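Trainee: Following this line is model-v3.txt, made up of compact mmCIF, C-alpha atoms and all ligand atoms:
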```txt
# COMPACT_ATOMS: atom_id res chain seq x y z
CA MET A 1 98.47 155.13 140.87
CA THR A 2 96.68 155.26 144.24
CA LYS A 3 96.15 158.71 145.67
CA GLN A 4 98.82 159.44 148.21
CA ALA A 5 97.35 162.52 149.84
CA ARG A 6 93.71 163.40 150.35
CA VAL A 7 92.80 167.03 151.04
CA LEU A 8 89.46 168.40 152.24
CA PHE A 9 88.75 172.13 152.51
CA VAL A 10 85.97 173.02 154.94
CA CYS A 11 83.98 176.25 155.42
CA LEU A 12 80.47 177.04 156.63
CA GLY A 13 78.28 176.93 153.53
CA ASN A 14 80.59 175.19 151.01
CA ILE A 15 79.62 177.74 148.39
CA CYS A 16 82.16 180.59 148.80
CA ARG A 17 85.56 179.91 150.41
CA SER A 18 86.13 176.15 150.44
CA PRO A 19 84.99 175.60 146.82
CA MET A 20 87.31 178.43 145.78
CA ALA A 21 90.17 176.70 147.60
CA GLU A 22 89.21 173.33 146.08
CA ALA A 23 89.20 174.71 142.52
CA VAL A 24 92.39 176.77 142.92
CA PHE A 25 94.24 173.91 144.60
CA ARG A 26 93.12 171.40 141.96
CA SER A 27 94.38 173.72 139.24
CA MET A 28 97.79 174.00 140.98
CA VAL A 29 97.96 170.24 141.52
CA GLN A 30 97.20 169.64 137.84
CA LYS A 31 99.89 172.11 136.78
CA ALA A 32 102.34 170.25 139.01
CA GLY A 33 101.33 166.96 137.33
CA LEU A 34 100.18 165.50 140.65
CA GLU A 35 96.47 164.94 139.99
CA GLN A 36 96.97 161.18 140.23
CA ALA A 37 98.59 161.52 143.64
CA ILE A 38 96.43 164.12 145.38
CA GLU A 39 92.68 163.84 145.89
CA ILE A 40 90.82 167.10 146.57
CA ASP A 41 87.33 167.85 147.89
CA SER A 42 85.46 170.46 149.94
CA ALA A 43 82.54 170.51 152.37
CA GLY A 44 80.58 172.83 154.65
CA THR A 45 79.71 172.43 158.31
CA GLY A 46 76.22 173.81 157.52
CA ASP A 47 73.51 172.16 155.44
CA TRP A 48 71.75 175.16 153.86
CA HIS A 49 73.32 174.96 150.42
CA ILE A 50 73.70 171.21 149.85
CA GLY A 51 73.67 170.41 146.13
CA ARG A 52 74.25 174.01 145.00
CA PRO A 53 77.12 175.15 142.76
CA PRO A 54 79.68 177.68 144.03
CA HIS A 55 78.43 181.22 144.82
CA GLU A 56 78.41 183.72 141.96
CA GLY A 57 81.24 185.69 143.63
CA THR A 58 83.44 182.59 143.73
CA ARG A 59 82.51 181.66 140.15
CA LYS A 60 83.44 185.16 138.92
CA GLN A 61 86.87 184.94 140.56
CA LEU A 62 87.50 181.50 139.09
CA ASP A 63 86.20 182.50 135.64
CA SER A 64 88.52 185.51 135.57
CA LYS A 65 91.51 183.21 136.20
CA GLY A 66 90.34 180.47 133.83
CA ILE A 67 90.01 177.96 136.69
CA SER A 68 87.36 175.23 136.35
CA TYR A 69 84.65 174.55 138.93
CA SER A 70 82.77 172.20 136.64
CA GLY A 71 80.48 169.75 138.43
CA MET A 72 81.21 171.11 141.91
CA LYS A 73 78.26 170.96 144.30
CA ALA A 74 78.02 171.82 147.99
CA ARG A 75 77.95 169.00 150.51
CA GLN A 76 77.99 168.83 154.28
CA PHE A 77 81.00 167.73 156.32
CA ALA A 78 80.40 164.30 157.88
CA LYS A 79 82.05 162.31 160.64
CA ALA A 80 83.23 159.77 158.07
CA ASP A 81 85.40 162.47 156.44
CA ARG A 82 87.80 162.10 159.36
CA ASP A 83 88.95 158.75 158.00
CA LYS A 84 88.82 159.69 154.32
CA PHE A 85 91.16 162.70 154.40
CA ASP A 86 94.76 163.29 155.47
CA TYR A 87 94.53 167.10 155.48
CA ILE A 88 91.31 168.73 156.72
CA VAL A 89 91.86 172.42 156.08
CA CYS A 90 89.35 174.72 157.79
CA MET A 91 88.81 178.16 156.29
CA ASP A 92 88.25 179.78 159.70
CA THR A 93 88.67 179.03 163.38
CA LYS A 94 84.92 178.49 163.91
CA ASN A 95 84.88 175.92 161.11
CA GLU A 96 87.81 174.18 162.80
CA LYS A 97 86.02 174.15 166.16
CA ASP A 98 82.88 172.73 164.54
CA VAL A 99 84.85 170.08 162.65
CA LEU A 100 86.64 169.01 165.83
CA ALA A 101 83.31 168.86 167.68
CA ILE A 102 81.80 166.65 164.97
CA ILE A 103 84.81 164.35 164.98
CA GLU A 104 85.15 164.15 168.75
CA ASP A 105 81.44 163.65 169.16
CA ASP A 106 81.80 160.32 167.40
CA ILE A 107 84.73 158.97 169.35
CA GLY A 108 84.33 160.36 172.84
CA GLY A 109 86.62 163.36 172.87
CA ASP A 110 89.83 161.99 171.42
CA THR A 111 90.38 162.66 167.74
CA GLY A 112 93.50 160.54 167.55
CA ARG A 113 94.34 162.36 164.32
CA GLU A 114 96.82 164.93 165.57
CA GLY A 115 97.68 167.51 162.99
CA ARG A 116 95.14 166.44 160.38
CA VAL A 117 92.75 169.26 161.15
CA PHE A 118 94.16 172.79 160.86
CA THR A 119 93.16 176.26 159.74
CA PHE A 120 93.91 177.51 156.24
CA MET A 121 95.54 180.65 157.64
CA SER A 122 97.96 178.55 159.71
CA LEU A 123 99.63 177.90 156.34
CA LEU A 124 100.49 181.61 156.18
CA PRO A 125 101.62 182.50 159.73
CA GLU A 126 103.55 185.54 158.48
CA LEU A 127 100.26 187.27 157.62
CA ASN A 128 99.02 187.04 161.20
CA ILE A 129 95.39 186.54 160.12
CA ALA A 130 93.33 183.92 161.96
CA ASP A 131 90.47 183.44 159.49
CA VAL A 132 89.83 183.60 155.77
CA PRO A 133 87.16 186.34 155.93
CA ASP A 134 83.66 185.15 155.00
CA PRO A 135 82.66 186.94 151.78
CA TYR A 136 79.03 185.78 151.97
CA TYR A 137 78.00 189.05 153.64
CA SER A 138 80.97 191.34 152.84
CA GLY A 139 81.00 190.49 149.14
CA ASN A 140 84.80 190.82 149.16
CA PHE A 141 85.77 187.84 147.05
CA ASP A 142 88.98 189.54 145.84
CA GLU A 143 90.67 189.33 149.23
CA VAL A 144 89.53 185.71 149.64
CA TYR A 145 91.06 184.82 146.29
CA GLU A 146 94.40 186.40 147.23
CA LEU A 147 94.61 184.46 150.48
CA VAL A 148 93.42 181.24 148.85
CA GLU A 149 96.05 181.48 146.13
CA GLN A 150 98.89 182.04 148.61
CA GLY A 151 97.71 179.38 151.05
CA CYS A 152 97.14 176.76 148.35
CA ALA A 153 100.65 177.29 146.98
CA LYS A 154 102.03 176.76 150.48
CA LEU A 155 99.87 173.68 151.06
CA LEU A 156 101.06 172.14 147.80
CA SER A 157 104.69 172.62 148.71
CA GLU A 158 104.08 171.11 152.16
CA ILE A 159 102.30 168.08 150.68
CA GLN A 160 105.04 167.60 148.09
CA ARG A 161 107.53 167.58 150.95
CA ASP A 162 105.36 165.12 152.95
CA LEU A 163 105.02 162.80 149.93
CA GLN A 164 108.78 162.69 149.57
CA ALA A 165 109.42 162.10 153.28
P1 LIG B 1 81.22 180.00 152.94
O1 LIG B 1 80.26 181.28 153.05
O2 LIG B 1 81.20 179.38 154.31
O3 LIG B 1 82.54 180.58 152.58
O4 LIG B 1 80.60 179.13 151.88
C1 LIG B 1 78.94 181.24 153.53
C2 LIG B 1 77.94 180.73 152.73
C3 LIG B 1 76.64 180.72 153.21
C4 LIG B 1 76.35 181.20 154.47
C5 LIG B 1 77.36 181.68 155.28
C6 LIG B 1 78.67 181.70 154.80
N1 LIG B 1 75.02 181.20 154.96
O5 LIG B 1 74.78 181.68 156.08
O6 LIG B 1 74.12 180.69 154.25
```
Show me this structure written as structure tokens.
Ligand code: 4NP

Mentor:
Amino acid sequence: MTKQARVLFVCLGNICRSPMAEAVFRSMVQKAGLEQAIEIDSAGTGDWHIGRPPHEGTRKQLDSKGISYSGMKARQFAKADRDKFDYIVCMDTKNEKDVLAIIEDDIGGDTGREGRVFTFMSLLPELNIADVPDPYYSGNFDEVYELVEQGCAKLLSEIQRDLQA
């Protein structure tokens, strides 16, 4: 079966938040039996950690829940990702701004992809939080996991609805 929805999570370094979201979302998609229909990846707007596995704090969270991150390695967001993904989910508002700048830079200020790029926290408007907090300095991976789990569940239900539309 061809993939019907392609999802890319984006943060700054692609070692803390977006790989956590990628792994958690993949686990939910597998449980829902949709791994043939939904493709999942993550990337960072920065280039410092290219090729590295997820941060120890992210790995610990995933290990404690029995969620695999096998083979995951950081990569940088690229202009070409605009055409490869249907849902570009940015972990904070700065990531979203940077993603939009990279995309617009290539095509003269008009993304033409309305609604494809959005923030992770826009999935959970009731929480009134703009950004998934960056745990790289705070070390608070627990709160990131809680938000990631809630947001990924919401994203899956939205994609399931979109696939049926
Ligand atoms: P992430 O966290 O964007 O959630 O992966 C960070 C990782 C690395 C850096 C900043 C944030 N850094 O400055 O290297």

Trainee: I need the residue nearest ligand LIG 1 (chain B) from this list: A:Asp134, A:Glu22, A:Asp41, A:Glu146. Use only C-alpha atoms and all ligand atoms for the distance.

Mentor: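 Of all the options, A:Asp134 lies closest to ligand LIG 1 (chain B).
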
Trainee: Taking only C-alpha atoms and all ligand atoms into account, produce a table as a tab-separated table in which each residue of chain A with an atom at most 7 Å from an atom of ligand LIG 1 (chain B) appears once, together with its shortest atom pair and the distance in Å to one decimal, ordered by chain and rising number.

Mentor:
```
residue	atom	partner	partner_atom	distance
A:Cys11	CA	B:LIG1	O2	4.3
A:Leu12	CA	B:LIG1	O2	3.4
A:Gly13	CA	B:LIG1	O4	3.6
A:Asn14	CA	B:LIG1	O4	4.0
A:Ile15	CA	B:LIG1	O4	3.9
A:Cys16	CA	B:LIG1	O4	3.7
A:Arg17	CA	B:LIG1	O3	3.8
A:Ser18	CA	B:LIG1	O3	6.1
A:Gly44	CA	B:LIG1	O2	6.6
A:Trp48	CA	B:LIG1	O6	6.0
A:His49	CA	B:LIG1	O6	6.9
A:Asp134	CA	B:LIG1	O3	5.3
A:Pro135	CA	B:LIG1	O1	6.3
A:Tyr136	CA	B:LIG1	O1	4.8
```

Trainee: With distances taken over all atoms listed in the file, which of A:Arg52, A:Lys60, A:Lys79, A:Lys84 is nearest to Ala5 of chain A?

Mentor: A:Lys84

Trainee: Please indicate the distance in Å from atom CA of Met20 of chain A to atom CA of Gly71 of chain A, rounded to one decimal place.

Mentor: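 Atom CA of Met20 of chain A sits 13.3 Å away from atom CA of Gly71 of chain A.
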
Trainee: Using only C-alpha atoms, tabulate the residues of segment 84-104 of chain A lying at most 6 Å from any atom of segment 117-132 of chain A, each with its closest atom pair and that distance in Å to one decimal, by chain and increasing residue number, as a tab-separated table.

Mentor:
```
residue	atom	partner	partner_atom	distance
A:Ile88	CA	A:Val117	CA	4.7
A:Val89	CA	A:Phe118	CA	5.3
A:Cys90	CA	A:Thr119	CA	4.5
A:Met91	CA	A:Phe120	CA	5.1
A:Asp92	CA	A:Asp131	CA	4.3
```

Trainee: Which polymer residues have any atom within 12 Å of an atom of Ser64 of chain A, counting only C-alpha atoms, with same-chain residues fewer than 5 positions away left out, as a list in words?

Mentor: Gly57, Thr58, Arg59, Asp142 and Tyr145 of chain A

Trainee: Just how far from atom CA of Lys65 of chain A is atom CA of Ile50 of chain A, in Å to one decimal?

Mentor: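 Distance reported for this atom pair: 25.4 Å.
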
Trainee: Would you list the residues near (93.7, 164.1, 153.0) (no more than 12 Å away, in the coordinates of the file, using only C-alpha atoms) as a PyMOL selection string?

Mentor: chain A and resi 3-10+37-42+81-89+113+115-118+155+159+162-163

Trainee: Work out how far apart atom CA of Arg26 of chain A and atom CA of Met72 of chain A are and give it in Å to one decimal.

Mentor: 11.9 Å

Trainee: Kindly provide, as JSON, the centre and edge lengths (Å, one decimal) of an axis-aligned box around all atoms of segment 30-37 of chain A given in the file, with 6 Å on each side.

Mentor:
```
{"center_x": 99.4, "center_y": 166.6, "center_z": 140.2, "size_x": 17.9, "size_y": 22.9, "size_z": 18.9}
```
